[in-house]
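Written below as structure tokens is the structure these notes are about.
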Amino acid sequence: MKTLEANGVYGLGACTALTVQNDVAFERVSWVALDDVQDQIGLLLARFQVEVVKIGLIESLPLLWKLIGWLKAQNPAVLIVWDPVLRATAGYEFHPQPDRALLQRICAELALITPNQPEVRRLWPAASSAMAAAGALSAYCPVLLKGGHASGDLATDVLLTHDARHKLTAPRLPHGEKHGSGCVLSAAIAAQLALGHPLAEACRLGKAYTTQVLASNDTLLGYHYQKQS
């Protein structure tokens with residue numbers, strides 16, 4: 001919500017999971033039933049016009065597929081961004097290997113998927129590299145392959161569509177690791193899409209905002225405002 005507001009949009013939230021965690025430890029998760037998730041969202045949709053939906057932690061791919069179908073039934077034009085949270089920063093694993101056919105159907109309904117390198121390898125394990133896996137997924141939807149798990153002086157994300165690639169580069173920061181940084185990035189991109197920016201520009205602006213949060217302090221919890229000099 002902080003990210004959405006800082007990027008100039010009003011965010012609305014629906015809970016898909018109750019987690020017991022802090023910035024360094026993840027103990028357990030209790031999943032919210034699909035009916036309850038839909039009831040939360042349905043009441044919001046009855047009151048507000050929603051242009052973009054960002055989905056993060058969710059119980060399973062079958063549940064995600066049902067939720068996407070329900071969202072599209074409410075608004076066929078809605079843009080859906082999925083940040084595939086497969087492993088908590090603190091080390092907790094969420095999902096087994098996904099069913100490829102189901103994953104393909106899910107991706108075909110997305111405006112964007114934002115995996116990091118380990119996540120994209122888990123989503124498409126037959127590929128020889130993270131980039132190859134992202135390329136395979138990009139046949140079904142745009143993929144923003146995050147470069148935070150790579151090495152080198154630059155942190156380079158790559159936006160892959162079915163016919164193009166765009167590199168988004170920022171300096172790799174010495175204390176740049178933050179709890180929930182992937183959520184920040186996907187939320188910032190969703191906000192920029194809601195403001196009407198094309199996908200590549202939304203990704204560029206989202207990465208710039210995320211870099212600002214990563215640079216905001218040397219703890220695992222970033223600030224969502226620009227420090228005054």
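Chain labels run A, B, ... following the order of the structure tokens; each chain numbers its residues from 1, and ligands are numbered from 1 in the order shown.
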Which residues are close to A:Ala194, i.e. within 8 Å by only C-alpha atoms, leaving aside same-chain residues fewer than 5 positions away? Reply as a list in words.
Val9, Glu51 and Val52 of chain A
Which of stretch 13-206 of chain A end up as strand (DSSP E or B) when DSSP is run on this backbone - answer as a PyMOL selection string?
chain A and resi 17-21+26-31+52-55+79-82+87+93+112-113+143-145+154-160+165-171
Looking at only C-alpha atoms, which of A:Asp218, A:Asp39, A:Glu119, A:Glu27 is the one that sits closest to A:Pro98?
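Using only C-alpha atoms, A:Pro98 sits closest to A:Glu119.
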Of the candidates A:Lys72, A:Val29, A:Leu103, A:Ala46, which shows the shortest atom-to-atom distance to A:Trp124, using only C-alpha atoms?
A:Leu103
Give me, as CSV, the closest atom pair and its distance (Å, one decimal) for every residue of stretch 93-113 of chain A within a cut-off of 12 Å of stretch 198-217 of chain A, counting only C-alpha atoms, rows sorted by chain and rising number.
residue,atom,partner,partner_atom,distance
A:Ala111,CA,A:Leu199,CA,8.5
A:Leu112,CA,A:Leu199,CA,8.4
A:Ile113,CA,A:Cys203,CA,11.3
Per DSSP on the backbone, what are the helix (DSSP H, G or I) residues of stretch 15-217 of chain A, as a PyMOL selection string?
chain A and resi 34-47+61-74+100-107+117-123+130-137+181-194+199-214
Can you work out which one of A:Arg121, A:Arg28, A:Arg47, A:Lys146 has the shortest atom-to-atom distance to A:Phe94, counting only C-alpha atoms?
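The shortest atom-to-atom distance to A:Phe94 comes from A:Arg28.
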Distance query A:Arg105 at most 10 Å, only C-alpha atoms, self and fewer than 3 positions along chain excluded, as a PyMOL selection string:
chain A and resi 65+100-102+108-110+140-141
Stretch 32-37 of chain A: which residues within 7 Å, counting only C-alpha atoms, same-chain residues fewer than 5 positions away excluded, as a list in words?
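Near neighbours after the sequence-gap exclusion: Ala14, Cys15, Thr16 and Ala17 of chain A.
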Suppose we keep N, CA and C atoms; can you now write the selection as a compact mmCIF listing (two decimals), in the first residue's frame?
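After the write, result_17.txt holds the following:
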# COMPACT_ATOMS: atom_id res chain seq x y z
N ALA A 14 -6.83 -7.05 -0.63
CA ALA A 14 -7.57 -8.24 -0.25
C ALA A 14 -6.56 -9.26 0.28
N CYS A 15 -6.88 -9.88 1.39
CA CYS A 15 -5.96 -10.80 2.05
C CYS A 15 -6.12 -12.21 1.48
N THR A 16 -5.03 -12.79 1.01
CA THR A 16 -5.03 -14.17 0.52
C THR A 16 -4.35 -15.13 1.50
N ALA A 17 -3.62 -14.58 2.47
CA ALA A 17 -2.89 -15.42 3.42
C ALA A 17 -2.59 -14.63 4.68
Shortest interatomic distance to A:Leu44 - which of A:Val78, A:Leu12, A:Met1, A:Ala155, counting only C-alpha atoms:
A:Leu12
Could you name the residues that touch A:Val53 at 8 Å or less, counting only C-alpha atoms, but leaving out those on the same chain fewer than 2 positions away, as an MDAnalysis selection string?
chainID A and resid 50:51 55 78:81 190
Find the distance between atom CA of A:Gln97 and atom CA of A:Leu123 and write it in Å to one decimal.
6.9 Å
Pick out the closest residue to A:Tyr225 from this set: A:His95, A:Ala6, A:Lys54, A:Ala191. Count only C-alpha atoms.
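Using only C-alpha atoms, the shortest distance to A:Tyr225 belongs to A:Ala6.
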Using only C-alpha atoms, which residue out of A:Val143, A:Leu57, A:Val184, A:Val20 lies closest to A:Ala164?
A:Val143
